[in-house]
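K.L.:
The structure that follows is given in the form of structure tokens.
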Amino acid sequence: MSIIEKAMTRHGPLEPGGLTLMPIEHEAAASAESLIEKAAKKQSSAEADRVPVAEDAPAEARAGDRYSQLGQINLVKLHKAGMITPDGEKSQIAEEFRLIKRPLITNVFNRAAPVKNANLIMVTSSLPGEGKSFCAINLAMSIAMEMDHTVLLVDADVAKPSLPGFLGLKAEKGLMDVLLDNELQLCDVMIKTNVEKLTLLPAGRGNRYATEMLASEAMSRLLQEMANRYRDRVIIFDSPPLLATTEARVLATHMGQIVMVVEAEKTTEDQLQDALAQIESCDVVGLVLNKGKALLGTDYPLYGY
Ligand SMILES: Nc1ncnc2c1ncn2[C@@H]1O[C@H](COP(=O)(O)OP(=O)(O)O)[C@@H](O)[C@H]1O
Ligand SMILES: [Mg+2]
């Protein structure tokens, strides 16, 4: 049995018709550039100083969203890095994340068989460099492009935050500041972006105890607040690697769903088993095979819950 098959038997059967993430071709980048620039300009000119908020949003959320900051995602840069951009272009990566997001969204909005805190989704992996941030951004972008779903993307790899770099925007205050400063609210540091339904919660000011703070009581309260207050919002956490810090495991205990990124031909069976053992508290775990062809000896793409 391959590492993936074994992992699946622990966490549930592998569904047929999954997918494999592969680096996409970049030749199209130049020609698509002007299109994306146009889309970016259009969106930014349409942004008002004050962010429009749904009429039926809870009062607290409305007040919160209204004062969040605005930030410009560099869509050209994102496209060049092989990520999904909201220009409607049919790319392989967009197709792949269409499949990845579907079961996650279904769980968030399934009122018949609710999954606790289903809107809190952590993207994680065993080690650095396996593609957590890449997948978290693509997942967030893919969900935000749907009509009905708003997404909050949280940079929870607080020791090595990389989302502002990938997105090409500046972020100063964030999660850490909210945990440290009682006066600060989430809405003070969230950045509303030029992708209409996508908001970013940056990691915030780095400090020596940043990762430890993920396992703090204050973080636990904040996560519960996020799960309840933004119940209809999909909240995606880009997390630290599970085998590098113990705090990622504590973060995982609050999550309704976890996406485990496995790097093809790199993540070993032992690493994956160890990482899965860290997140046994979460009932809904999906695996994404990143950066490669199928490990199963066939061309069959792989993704499973
Ligand atoms: N499927 C992919 N296709 C192309 N580049 C990828 C893919 N997955 C990851 N990368 C790139 O690999 C590098 C490491 O990925 P990253 O998401 O930063 O890893 P992690 O967050 O797990 O440390 C980044 O430069 C990222 O852009
Ligand atoms: Mg990362």
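Letters A, B, ... go to the chains of the structure tokens in the order shown; residues in each chain start at 1; ligands are counted from 1 in the same order.
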So that I can see what lies close to Ala244 (chain A), please list as a list in words the residues with an atom at most 10 Å from it, counting only C-alpha atoms and leaving out residues fewer than 3 positions away in the same chain.

P.N.:
Ser125, Ser126, Leu127, Pro128, Pro240, Pro241, Glu247, Ala248 and Ala275 of chain A

K.L.:
Just to be explicit: take each residue in the selection above, keep N, CA and C atoms, and write the result as a compact mmCIF listing (two decimals), in the first residue's frame.

P.N.:
```txt
# COMPACT_ATOMS: atom_id res chain seq x y z
N SER A 125 0.69 20.97 6.43
CA SER A 125 1.51 19.88 5.88
C SER A 125 2.55 19.52 6.92
N SER A 126 3.36 18.52 6.62
CA SER A 126 4.36 18.09 7.60
C SER A 126 5.45 19.13 7.79
N LEU A 127 6.00 19.59 6.67
CA LEU A 127 7.23 20.39 6.72
C LEU A 127 7.11 21.67 5.88
N PRO A 128 8.07 22.57 6.02
CA PRO A 128 8.04 23.78 5.17
C PRO A 128 8.23 23.43 3.69
N PRO A 240 1.48 26.83 10.18
CA PRO A 240 2.87 26.38 10.24
C PRO A 240 2.91 24.87 9.97
N PRO A 241 4.08 24.35 9.60
CA PRO A 241 4.19 22.91 9.38
C PRO A 241 3.99 22.12 10.67
N GLU A 247 2.60 23.90 18.21
CA GLU A 247 1.44 24.78 18.29
C GLU A 247 0.47 24.57 17.12
N ALA A 248 1.01 24.15 15.98
CA ALA A 248 0.13 23.92 14.83
C ALA A 248 -0.90 22.85 15.19
N ALA A 275 2.38 13.48 10.73
CA ALA A 275 1.57 14.69 10.61
C ALA A 275 0.10 14.37 10.83
```

K.L.:
Let me see if you get this right: every residue at most 8 Å from ligand 1, counting only C-alpha atoms and all ligand atoms, written as a CSV table (one decimal) with N, CA and C atoms, in the first residue's frame.

P.N.:
```csv
chain,number,residue,atom,x,y,z
A,21,LEU,N,-2.3,18.1,-8.0
A,21,LEU,CA,-1.9,19.4,-8.3
A,21,LEU,C,-0.6,19.4,-9.0
A,22,MET,N,-0.5,20.1,-10.1
A,22,MET,CA,0.8,20.1,-10.8
A,22,MET,C,1.2,21.6,-11.1
A,23,PRO,N,2.4,21.9,-11.2
A,23,PRO,CA,2.8,23.2,-11.6
A,23,PRO,C,2.2,23.5,-13.0
A,24,ILE,N,1.7,24.7,-13.2
A,24,ILE,CA,1.1,25.0,-14.5
A,24,ILE,C,2.1,25.6,-15.4
A,81,ALA,N,3.1,33.5,-10.6
A,81,ALA,CA,3.5,32.4,-9.7
A,81,ALA,C,2.7,31.1,-9.9
A,82,GLY,N,1.8,31.2,-10.9
A,82,GLY,CA,1.0,30.0,-11.2
A,82,GLY,C,-0.3,29.8,-10.4
A,83,MET,N,-0.7,30.9,-9.8
A,83,MET,CA,-1.9,30.9,-8.9
A,83,MET,C,-3.2,31.4,-9.7
A,93,ILE,N,-5.0,24.9,-12.9
A,93,ILE,CA,-5.0,25.1,-11.5
A,93,ILE,C,-6.4,25.5,-11.0
A,124,THR,N,-2.5,22.7,5.9
A,124,THR,CA,-1.3,22.4,6.6
A,124,THR,C,-0.5,21.3,5.9
A,125,SER,N,0.7,21.0,6.4
A,125,SER,CA,1.5,19.9,5.9
A,125,SER,C,2.6,19.5,6.9
A,127,LEU,N,6.0,19.6,6.7
A,127,LEU,CA,7.2,20.4,6.7
A,127,LEU,C,7.1,21.7,5.9
A,128,PRO,N,8.1,22.6,6.0
A,128,PRO,CA,8.0,23.8,5.2
A,128,PRO,C,8.2,23.4,3.7
A,129,GLY,N,7.7,24.3,2.8
A,129,GLY,CA,8.0,24.2,1.4
A,129,GLY,C,7.2,23.2,0.6
A,130,GLU,N,6.2,22.6,1.3
A,130,GLU,CA,5.4,21.6,0.6
A,130,GLU,C,4.2,22.2,-0.2
A,131,GLY,N,3.9,23.5,0.1
A,131,GLY,CA,2.9,24.1,-0.7
A,131,GLY,C,1.7,24.6,0.1
A,132,LYS,N,1.8,24.7,1.4
A,132,LYS,CA,0.7,25.2,2.2
A,132,LYS,C,0.2,26.5,1.8
A,133,SER,N,1.1,27.5,1.7
A,133,SER,CA,0.6,28.9,1.3
A,133,SER,C,0.1,28.9,-0.1
A,134,PHE,N,0.8,28.2,-1.0
A,134,PHE,CA,0.3,28.1,-2.4
A,134,PHE,C,-1.1,27.6,-2.4
A,135,CYS,N,-1.4,26.5,-1.7
A,135,CYS,CA,-2.7,25.9,-1.7
A,135,CYS,C,-3.7,26.8,-1.0
A,136,ALA,N,-3.3,27.4,0.1
A,136,ALA,CA,-4.2,28.3,0.9
A,136,ALA,C,-4.7,29.4,0.0
A,162,SER,N,4.0,34.4,4.9
A,162,SER,CA,4.4,34.6,3.5
A,162,SER,C,3.3,35.1,2.6
A,166,PHE,N,3.5,36.8,-1.4
A,166,PHE,CA,2.8,36.1,-2.5
A,166,PHE,C,1.8,37.1,-3.1
A,238,ASP,N,-3.6,29.5,6.7
A,238,ASP,CA,-2.4,29.0,6.2
A,238,ASP,C,-1.5,28.8,7.5
A,239,SER,N,-1.2,27.5,7.7
A,239,SER,CA,-0.6,27.2,9.0
A,239,SER,C,0.9,26.9,9.0
A,240,PRO,N,1.5,26.8,10.2
A,240,PRO,CA,2.9,26.4,10.2
A,240,PRO,C,2.9,24.9,10.0
A,241,PRO,N,4.1,24.4,9.6
A,241,PRO,CA,4.2,22.9,9.4
A,241,PRO,C,4.0,22.1,10.7
A,261,VAL,N,-1.5,19.0,2.9
A,261,VAL,CA,-0.8,19.1,1.6
A,261,VAL,C,0.3,18.1,1.7
A,290,ASN,N,0.4,17.6,-4.0
A,290,ASN,CA,0.9,18.8,-4.7
A,290,ASN,C,2.2,18.5,-5.5
A,291,LYS,N,2.4,19.3,-6.5
A,291,LYS,CA,3.6,19.3,-7.3
A,291,LYS,C,4.0,18.0,-7.9
A,292,GLY,N,3.0,17.3,-8.4
A,292,GLY,CA,3.5,16.1,-9.1
A,292,GLY,C,2.4,15.2,-9.7
```

K.L.:
Measuring atom to atom with only C-alpha atoms, identify which of A:Ile100, A:Ala215, A:Leu180, A:Met122 is nearest to Val259 (chain A).

P.N.:
A:Met122

K.L.:
List the spatial neighbours of Leu152 (chain A) as a list in words - criterion: any atom at most 8 Å away, only C-alpha atoms, same-chain residues fewer than 3 positions off excluded.

P.N.:
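My reading of the contact set: Ala140, Leu198, Thr199, Leu200, Leu201, Arg233, Val234, Ile235 and Ile236 of chain A.
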
K.L.:
I need the chosen residues saved as a tab-separated table (two decimals), in the first residue's frame, with N, CA and C atoms.

P.N.:
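Output file result12.tsv is given in full below:
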```tsv
chain	number	residue	atom	x	y	z
A	140	ALA	N	-8.52	29.94	-1.29
A	140	ALA	CA	-9.23	31.17	-0.93
A	140	ALA	C	-9.72	31.88	-2.19
A	198	LEU	N	-12.73	38.61	-1.00
A	198	LEU	CA	-11.57	38.07	-0.28
A	198	LEU	C	-10.97	39.09	0.69
A	199	THR	N	-10.94	38.72	1.97
A	199	THR	CA	-10.33	39.56	3.00
A	199	THR	C	-9.14	38.81	3.58
A	200	LEU	N	-8.10	39.56	3.92
A	200	LEU	CA	-6.88	38.95	4.47
A	200	LEU	C	-6.72	39.35	5.93
A	201	LEU	N	-6.41	38.37	6.76
A	201	LEU	CA	-5.97	38.67	8.13
A	201	LEU	C	-4.49	38.34	8.20
A	233	ARG	N	-18.94	32.85	6.62
A	233	ARG	CA	-17.74	33.19	5.89
A	233	ARG	C	-16.78	32.00	5.99
A	234	VAL	N	-16.16	31.66	4.87
A	234	VAL	CA	-15.20	30.57	4.89
A	234	VAL	C	-13.87	31.16	5.37
A	235	ILE	N	-13.31	30.60	6.43
A	235	ILE	CA	-12.07	31.14	6.99
A	235	ILE	C	-10.95	30.12	6.77
A	236	ILE	N	-9.97	30.52	5.97
A	236	ILE	CA	-8.90	29.60	5.60
A	236	ILE	C	-7.61	30.00	6.31
```

K.L.:
Could you name the residues that touch region 104-120 of chain A at 10 Å or less, counting only C-alpha atoms, but leaving out those on the same chain fewer than 4 positions away, as a PyMOL selection string?

P.N.:
chain A and resi 99-100+139+143+149+151-152+223-224+226-228+230-237+252+254-259+282-286+305

K.L.:
Please extract the residues of region 43-275 of chain A with a backbone DSSP assignment of strand (DSSP E or B) and present them as a VMD selection string.

P.N.:
chain A and resid 69 to 71 120 to 125 150 to 155 191 to 193 198 to 201 233 to 238 257 to 263

K.L.:
Nearest residue to ligand 2 out of A:Leu169, A:Ile279, A:Val250, A:Val123, using only C-alpha atoms and all ligand atoms?

P.N.:
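Closest residue, counting only C-alpha atoms and all ligand atoms: A:Val123.
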